[in-house]
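To start, the structure under review is shown below, and the notes come after it.
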Amino acid sequence: LGVSDTGDVLARLRAAAAGRTAAGVRRTLSPRDADFGGMLDMASNDYLGLCGHPRLVAGAVAAASEWGTGSTGSRLVTGTTVLHERLEAELAAFAGAAGALVFSSGYLANLSVVTALTAVLRGRDGHVLIVSDERNHASLIDACRLARGSRVRLEIYPHRDVAAATALLATRTEESALLVSDAVFSVDGASAPVTELYAAARAHGALLVLDEAHAFGVAGPDGRGLAYAAGLAGAPDLVRTVTLSKSLASQGGAVLGATEVIDTIVDTGRGFIFDTGLAPPSAGAALAALGVLADEPERARRAVRNAGRLADIVAGLGLTPQQPSPPQPSPRSPQSPQARPQAAVLAVVLGEPWHAVEARDSCARSGVRVGCFRPPSVPDGQACLRLTARATMTESDFSLAERALSGARGHTRVDVHPLFRQ
Ligand SMILES: Cc1ncc(COP(=O)(O)O)c(C=O)c1O
């Protein structure tokens, strides 16, 4: 290989960017105003409509006044305040978990839990099997990739396919196993078959690692998540991760689980040990959000109900499939399609990237901001609009959403995700 100068390197980066432009997968940052420029927000993860809520703002301000703007160090040095301790206690109590450990992001929580558990279970001469859903969030995918290696086997199963996951677990020759899944999948909004996954994990002596990022604060009783709804909250062989950045409208993440799991991460989780602790204003805002949720549990129900209204609107537009739908549950594990969203996310599959971009831009011209997901965030041929509901949506918001989606249909053919088809 010849040595190239910086100009060559930058030229190659430009050529690669041009290739991405041609493929319709070039990304642009579009800074928004605080009020979304007057547009209806159907793109953010502020499911409960708490971002900017006076109690959260006051919580962040009070935390900044008392503790300052930063946590000043990693959690094991100076980055643990009594605010962090309180947040961990309240998160664990809300979710019915034995313990909680707060991180500066949900991404790091996922990275740390999978890598730390794998490393410790593998030990000096052990072996670990990791079984992971193909549509898990990138942070779980990265966590599994990082954990994979000598004496750690990684197997991927088709989206939500419990039978396939079970079959992989049954191939285990390793001493330990992890089964890893999103609870509510971040792009298509589909719920994982949590009860069945837990049963499969338990039957094969595996720990179930469940990412409740899009479920926490929204799905299940009073927003306590899908594992809680399934009666698994205190199960010792269940480890949950959550983010504070979606329904709780703050920033940060957490692992919820047995004391042994928390201790393992505190001692060995590199994403925990070598990262600065969560900033106090974020901890203060998250605590305030938990307070709002305790006082107004109907917010969670409204967010889910409003997602159902959006699903009705999309289905009511009489739209037809354009591209092959995402993999269906295999015949070996028949799962009844979910008629209703269990959380606040809804996907409208469009096909090629440019279809999704056109539809997104059309919605924007109608005054609605929607998410637009293209490969590699979704598989090839499954570019989609990602719609999110908010607890605070009004009748006029639904009318506007319907007009905007109807207009988007004029630009491209739109298909509601099969899981939400009526
Ligand atoms: C399913 C899922 N897990 C984890 C994360 C990461 O959380 P955070 O944004 O707090 O890093 C996200 C989204 O950002 C997500 O959608």
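By order in the structure tokens, chains are A, B, ...; within a chain, residues start at 1; ligands start at 1, following the order shown.
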
Neighbours of ligand 1 at 8 Å or closer, counting only C-alpha atoms and all ligand atoms: which residues, as an NGL selection string?
:A and (104-110 or 136-140 or 182-187 or 211-214 or 241-246 or 251-253)

Same residues, C-alpha atoms, output as a PDB file, in the first residue's frame:
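Contents of the output file out-v9.pdb:
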```pdb
ATOM      1  CA  SER A 104     -24.688   9.781  31.140  1.00  0.00           C
ATOM      2  CA  SER A 105     -26.615   8.162  28.256  1.00  0.00           C
ATOM      3  CA  GLY A 106     -28.753   5.176  27.426  1.00  0.00           C
ATOM      4  CA  TYR A 107     -26.211   4.272  24.764  1.00  0.00           C
ATOM      5  CA  LEU A 108     -23.523   3.836  27.418  1.00  0.00           C
ATOM      6  CA  ALA A 109     -25.910   1.930  29.678  1.00  0.00           C
ATOM      7  CA  ASN A 110     -26.449  -0.619  26.907  1.00  0.00           C
ATOM      8  CA  ASN A 136     -32.151  -4.058  18.131  1.00  0.00           C
ATOM      9  CA  HIS A 137     -31.054  -0.477  18.640  1.00  0.00           C
ATOM     10  CA  ALA A 138     -27.573   0.408  17.398  1.00  0.00           C
ATOM     11  CA  SER A 139     -26.319   0.727  20.976  1.00  0.00           C
ATOM     12  CA  LEU A 140     -27.214  -2.910  21.674  1.00  0.00           C
ATOM     13  CA  ASP A 182     -35.449  -3.921  22.601  1.00  0.00           C
ATOM     14  CA  ALA A 183     -38.800  -3.891  24.450  1.00  0.00           C
ATOM     15  CA  VAL A 184     -40.307  -1.396  21.998  1.00  0.00           C
ATOM     16  CA  PHE A 185     -38.250  -1.235  18.811  1.00  0.00           C
ATOM     17  CA  SER A 186     -37.014   2.258  18.205  1.00  0.00           C
ATOM     18  CA  VAL A 187     -37.843   2.624  14.514  1.00  0.00           C
ATOM     19  CA  ASP A 211     -33.944  -2.248  26.468  1.00  0.00           C
ATOM     20  CA  GLU A 212     -37.046  -0.350  27.595  1.00  0.00           C
ATOM     21  CA  ALA A 213     -35.900   2.998  26.132  1.00  0.00           C
ATOM     22  CA  HIS A 214     -39.153   3.542  24.196  1.00  0.00           C
ATOM     23  CA  THR A 241     -32.006  -0.582  30.449  1.00  0.00           C
ATOM     24  CA  VAL A 242     -33.795   2.729  30.052  1.00  0.00           C
ATOM     25  CA  THR A 243     -33.014   6.189  28.807  1.00  0.00           C
ATOM     26  CA  LEU A 244     -33.882   9.408  30.599  1.00  0.00           C
ATOM     27  CA  SER A 245     -33.931  11.252  27.289  1.00  0.00           C
ATOM     28  CA  LYS A 246     -37.268  10.199  25.823  1.00  0.00           C
ATOM     29  CA  GLN A 251     -30.653  13.202  29.322  1.00  0.00           C
ATOM     30  CA  GLY A 252     -28.949  10.053  30.559  1.00  0.00           C
ATOM     31  CA  GLY A 253     -29.657   6.361  30.933  1.00  0.00           C
TER      32      GLY A 253
END
```

What are the DSSP helix (DSSP H, G or I) residues of segment 25-209 of chain A, as a PyMOL selection string?
chain A and resi 36-38+54-67+82-95+106-122+138-147+162-170+194-203

Selected residue of minimal separation from Leu101 of chain A among A:Ala235, A:Leu87, A:Val348, A:Ala22, counting only C-alpha atoms:
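Of the candidates, the smallest distance to Leu101 of chain A is held by A:Leu87.
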
Distance criterion (only C-alpha atoms): nearest to Asp188 of chain A out of A:Phe216, A:Arg409, A:Thr394, A:Arg386
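Closest candidate: A:Arg386.
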
Just list as a PDB file with N, CA and C atoms, in the first residue's frame whatever in segment 108-237 of chain A DSSP marks as strand (DSSP E or B).
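What ended up in selection38.pdb:
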```pdb
ATOM      1  N   VAL A 128     -19.470 -17.692  26.672  1.00  0.00           N
ATOM      2  CA  VAL A 128     -20.774 -17.027  26.748  1.00  0.00           C
ATOM      3  C   VAL A 128     -21.408 -17.011  25.359  1.00  0.00           C
ATOM      4  N   LEU A 129     -22.715 -17.244  25.337  1.00  0.00           N
ATOM      5  CA  LEU A 129     -23.499 -17.102  24.099  1.00  0.00           C
ATOM      6  C   LEU A 129     -24.373 -15.858  24.236  1.00  0.00           C
ATOM      7  N   ILE A 130     -24.354 -15.000  23.200  1.00  0.00           N
ATOM      8  CA  ILE A 130     -25.256 -13.844  23.173  1.00  0.00           C
ATOM      9  C   ILE A 130     -26.209 -14.046  21.995  1.00  0.00           C
ATOM     10  N   VAL A 131     -27.508 -13.941  22.261  1.00  0.00           N
ATOM     11  CA  VAL A 131     -28.531 -14.090  21.220  1.00  0.00           C
ATOM     12  C   VAL A 131     -29.278 -12.769  21.139  1.00  0.00           C
ATOM     13  N   SER A 132     -29.305 -12.168  19.935  1.00  0.00           N
ATOM     14  CA  SER A 132     -29.760 -10.782  19.830  1.00  0.00           C
ATOM     15  C   SER A 132     -30.705 -10.593  18.638  1.00  0.00           C
ATOM     16  N   ASP A 133     -31.763  -9.803  18.825  1.00  0.00           N
ATOM     17  CA  ASP A 133     -32.731  -9.512  17.750  1.00  0.00           C
ATOM     18  C   ASP A 133     -32.050  -8.658  16.667  1.00  0.00           C
ATOM     19  N   GLY A 149     -16.179 -12.178  20.704  1.00  0.00           N
ATOM     20  CA  GLY A 149     -14.728 -12.394  20.590  1.00  0.00           C
ATOM     21  C   GLY A 149     -14.385 -13.741  21.147  1.00  0.00           C
ATOM     22  N   VAL A 152     -16.718 -15.881  23.183  1.00  0.00           N
ATOM     23  CA  VAL A 152     -18.060 -15.290  23.212  1.00  0.00           C
ATOM     24  C   VAL A 152     -18.667 -15.423  21.815  1.00  0.00           C
ATOM     25  N   ARG A 153     -19.753 -16.183  21.714  1.00  0.00           N
ATOM     26  CA  ARG A 153     -20.414 -16.403  20.429  1.00  0.00           C
ATOM     27  C   ARG A 153     -21.618 -15.481  20.350  1.00  0.00           C
ATOM     28  N   LEU A 154     -21.746 -14.798  19.196  1.00  0.00           N
ATOM     29  CA  LEU A 154     -22.890 -13.896  18.994  1.00  0.00           C
ATOM     30  C   LEU A 154     -23.774 -14.475  17.899  1.00  0.00           C
ATOM     31  N   GLU A 155     -25.066 -14.634  18.192  1.00  0.00           N
ATOM     32  CA  GLU A 155     -26.025 -15.125  17.197  1.00  0.00           C
ATOM     33  C   GLU A 155     -27.174 -14.126  17.092  1.00  0.00           C
ATOM     34  N   ILE A 156     -27.592 -13.874  15.849  1.00  0.00           N
ATOM     35  CA  ILE A 156     -28.655 -12.897  15.586  1.00  0.00           C
ATOM     36  C   ILE A 156     -29.904 -13.648  15.136  1.00  0.00           C
ATOM     37  N   TYR A 157     -31.062 -13.266  15.668  1.00  0.00           N
ATOM     38  CA  TYR A 157     -32.292 -13.943  15.232  1.00  0.00           C
ATOM     39  C   TYR A 157     -33.214 -12.941  14.537  1.00  0.00           C
ATOM     40  N   SER A 176     -22.744 -19.766  29.986  1.00  0.00           N
ATOM     41  CA  SER A 176     -23.649 -18.649  30.252  1.00  0.00           C
ATOM     42  C   SER A 176     -24.229 -18.121  28.952  1.00  0.00           C
ATOM     43  N   ALA A 177     -25.405 -17.497  29.070  1.00  0.00           N
ATOM     44  CA  ALA A 177     -26.023 -16.922  27.867  1.00  0.00           C
ATOM     45  C   ALA A 177     -26.788 -15.649  28.214  1.00  0.00           C
ATOM     46  N   LEU A 178     -26.818 -14.718  27.242  1.00  0.00           N
ATOM     47  CA  LEU A 178     -27.628 -13.504  27.334  1.00  0.00           C
ATOM     48  C   LEU A 178     -28.583 -13.503  26.145  1.00  0.00           C
ATOM     49  N   LEU A 179     -29.836 -13.146  26.404  1.00  0.00           N
ATOM     50  CA  LEU A 179     -30.793 -12.913  25.322  1.00  0.00           C
ATOM     51  C   LEU A 179     -31.074 -11.417  25.337  1.00  0.00           C
ATOM     52  N   VAL A 180     -30.896 -10.750  24.187  1.00  0.00           N
ATOM     53  CA  VAL A 180     -30.880  -9.294  24.161  1.00  0.00           C
ATOM     54  C   VAL A 180     -31.941  -8.763  23.201  1.00  0.00           C
ATOM     55  N   SER A 181     -32.816  -7.875  23.700  1.00  0.00           N
ATOM     56  CA  SER A 181     -33.867  -7.340  22.814  1.00  0.00           C
ATOM     57  C   SER A 181     -34.309  -5.955  23.262  1.00  0.00           C
ATOM     58  N   ASP A 182     -34.686  -5.125  22.282  1.00  0.00           N
ATOM     59  CA  ASP A 182     -35.449  -3.921  22.601  1.00  0.00           C
ATOM     60  C   ASP A 182     -36.808  -4.374  23.131  1.00  0.00           C
ATOM     61  N   VAL A 184     -39.583  -2.033  23.107  1.00  0.00           N
ATOM     62  CA  VAL A 184     -40.307  -1.396  21.998  1.00  0.00           C
ATOM     63  C   VAL A 184     -39.224  -0.986  21.007  1.00  0.00           C
ATOM     64  N   SER A 191     -43.627  -3.959  19.590  1.00  0.00           N
ATOM     65  CA  SER A 191     -43.249  -4.449  20.921  1.00  0.00           C
ATOM     66  C   SER A 191     -42.642  -5.835  20.803  1.00  0.00           C
ATOM     67  N   LEU A 207     -29.766 -14.878  30.888  1.00  0.00           N
ATOM     68  CA  LEU A 207     -30.268 -13.599  31.398  1.00  0.00           C
ATOM     69  C   LEU A 207     -30.956 -12.894  30.237  1.00  0.00           C
ATOM     70  N   LEU A 208     -32.123 -12.296  30.482  1.00  0.00           N
ATOM     71  CA  LEU A 208     -32.765 -11.478  29.448  1.00  0.00           C
ATOM     72  C   LEU A 208     -32.368 -10.028  29.672  1.00  0.00           C
ATOM     73  N   VAL A 209     -31.755  -9.420  28.653  1.00  0.00           N
ATOM     74  CA  VAL A 209     -31.413  -7.991  28.704  1.00  0.00           C
ATOM     75  C   VAL A 209     -32.410  -7.271  27.818  1.00  0.00           C
ATOM     76  N   LEU A 210     -33.238  -6.439  28.422  1.00  0.00           N
ATOM     77  CA  LEU A 210     -34.348  -5.815  27.718  1.00  0.00           C
ATOM     78  C   LEU A 210     -34.171  -4.303  27.742  1.00  0.00           C
ATOM     79  N   ASP A 211     -34.104  -3.700  26.566  1.00  0.00           N
ATOM     80  CA  ASP A 211     -33.944  -2.248  26.468  1.00  0.00           C
ATOM     81  C   ASP A 211     -35.328  -1.600  26.412  1.00  0.00           C
TER      82      ASP A 211
END
```

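Here atom CA of Ser282 of chain A is placed at a distance of 22.2 Å from atom CA of Asp41 of chain A.
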
Skip Gly220 of chain A itself and residues of its chain fewer than 3 positions away, then list as a PyMOL selection string all residues within 9 Å of it, counting only C-alpha atoms.
chain A and resi 215-217+223-230+300-301+342-343

Based on the selection just made, write N, CA and C atoms of those residues as a short mmCIF file (atom, residue, chain, number, x, y, z; two decimals), in the first residue's frame.
```
data_model
loop_
_atom_site.label_atom_id
_atom_site.label_comp_id
_atom_site.auth_asym_id
_atom_site.auth_seq_id
_atom_site.Cartn_x
_atom_site.Cartn_y
_atom_site.Cartn_z
N ALA A 215 -40.23 2.23 25.92
CA ALA A 215 -41.38 1.75 26.70
C ALA A 215 -41.48 2.50 28.03
N PHE A 216 -40.34 2.80 28.61
CA PHE A 216 -40.30 3.40 29.94
C PHE A 216 -40.99 4.77 29.94
N GLY A 217 -41.91 4.93 30.87
CA GLY A 217 -42.64 6.20 30.96
C GLY A 217 -43.87 6.25 30.07
N GLY A 223 -46.95 3.68 32.78
CA GLY A 223 -45.69 3.91 32.07
C GLY A 223 -44.51 3.16 32.67
N ARG A 224 -44.78 2.09 33.43
CA ARG A 224 -43.67 1.40 34.09
C ARG A 224 -42.96 0.40 33.18
N GLY A 225 -43.40 0.30 31.95
CA GLY A 225 -42.67 -0.50 30.97
C GLY A 225 -43.31 -1.85 30.71
N LEU A 226 -42.80 -2.53 29.68
CA LEU A 226 -43.40 -3.79 29.25
C LEU A 226 -43.06 -4.96 30.18
N ALA A 227 -41.86 -4.95 30.75
CA ALA A 227 -41.51 -6.04 31.67
C ALA A 227 -42.40 -5.95 32.91
N TYR A 228 -42.63 -4.74 33.38
CA TYR A 228 -43.51 -4.54 34.54
C TYR A 228 -44.90 -5.04 34.19
N ALA A 229 -45.36 -4.69 32.98
CA ALA A 229 -46.70 -5.11 32.55
C ALA A 229 -46.80 -6.63 32.50
N ALA A 230 -45.70 -7.29 32.20
CA ALA A 230 -45.70 -8.75 32.10
C ALA A 230 -45.49 -9.42 33.46
N ALA A 300 -49.13 8.85 30.37
CA ALA A 300 -48.62 7.67 29.66
C ALA A 300 -49.73 7.05 28.82
N ARG A 301 -50.89 6.90 29.43
CA ARG A 301 -52.01 6.29 28.69
C ARG A 301 -52.39 7.14 27.49
N GLN A 342 -48.35 -0.28 21.45
CA GLN A 342 -48.29 -0.33 22.92
C GLN A 342 -47.49 0.82 23.48
N ALA A 343 -46.85 1.57 22.59
CA ALA A 343 -46.09 2.75 23.03
C ALA A 343 -46.44 3.90 22.09
#
```

Could you work out how far atom CA of Asp161 of chain A lies from atom CA of Tyr198 of chain A, giving the answer in Å with one decimal?
12.9 Å

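Shell of segment 60-68 of chain A at 7 Å, with only C-alpha atoms counted and residues fewer than 6 places along the chain excluded, is A:Pro280, A:Pro281, A:Ser282, A:Gly284, A:Ala285.
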
Tell me which protein, DNA and RNA residues are within 10 Å of Ser71 of chain A, counting only C-alpha atoms, leaving out same-chain ones fewer than 4 positions away, and put them as a ChimeraX atom specification.
/A:64,67,75,78-81,84,276-281,283

Go ahead and compute the interatomic distance for atom CA of Gly7 of chain A and atom CA of Ser30 of chain A, in Å to one decimal.
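Those two atoms sit 28.5 Å apart.
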
Shortest interatomic distance to Gly59 of chain A - which of A:Ile313, A:Gly291, A:Ala11, A:His355, counting only C-alpha atoms:
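Distance minimum relative to Gly59 of chain A lands on A:Gly291.
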
With a distance cut-off of 12 Å and only C-alpha atoms, select the neighbouring residues of Arg32 of chain A, excluding the residue or stretch itself and same-chain residues fewer than 6 positions from it, and output the selection as a ChimeraX atom specification.
/A:38-39,41,43-44,369

Could you dump the residues just selected with N, CA and C atoms as a PDB file, in the first residue's frame?
```pdb
ATOM      1  N   GLY A  38     -43.145  26.472  14.869  1.00  0.00           N
ATOM      2  CA  GLY A  38     -44.609  26.445  14.758  1.00  0.00           C
ATOM      3  C   GLY A  38     -45.131  25.149  14.161  1.00  0.00           C
ATOM      4  N   MET A  39     -44.226  24.229  13.817  1.00  0.00           N
ATOM      5  CA  MET A  39     -44.682  22.956  13.231  1.00  0.00           C
ATOM      6  C   MET A  39     -45.171  22.008  14.325  1.00  0.00           C
ATOM      7  N   ASP A  41     -44.887  18.710  16.154  1.00  0.00           N
ATOM      8  CA  ASP A  41     -43.795  17.761  16.366  1.00  0.00           C
ATOM      9  C   ASP A  41     -44.330  16.335  16.405  1.00  0.00           C
ATOM     10  N   ALA A  43     -41.969  13.959  15.494  1.00  0.00           N
ATOM     11  CA  ALA A  43     -40.678  13.325  15.225  1.00  0.00           C
ATOM     12  C   ALA A  43     -39.882  13.060  16.499  1.00  0.00           C
ATOM     13  N   SER A  44     -40.101  13.850  17.528  1.00  0.00           N
ATOM     14  CA  SER A  44     -39.230  13.742  18.704  1.00  0.00           C
ATOM     15  C   SER A  44     -39.655  12.580  19.588  1.00  0.00           C
ATOM     16  N   ARG A 369     -43.557  17.992  11.436  1.00  0.00           N
ATOM     17  CA  ARG A 369     -42.209  17.433  11.397  1.00  0.00           C
ATOM     18  C   ARG A 369     -42.273  15.955  11.762  1.00  0.00           C
TER      19      ARG A 369
END
```

Spatial neighbours of Leu40 of chain A, max dist 10 Å, only C-alpha atoms, sep filter under 3 positions, as a ChimeraX atom specification
/A:35-37,43,363-364,366-370,393,397-398,400-401
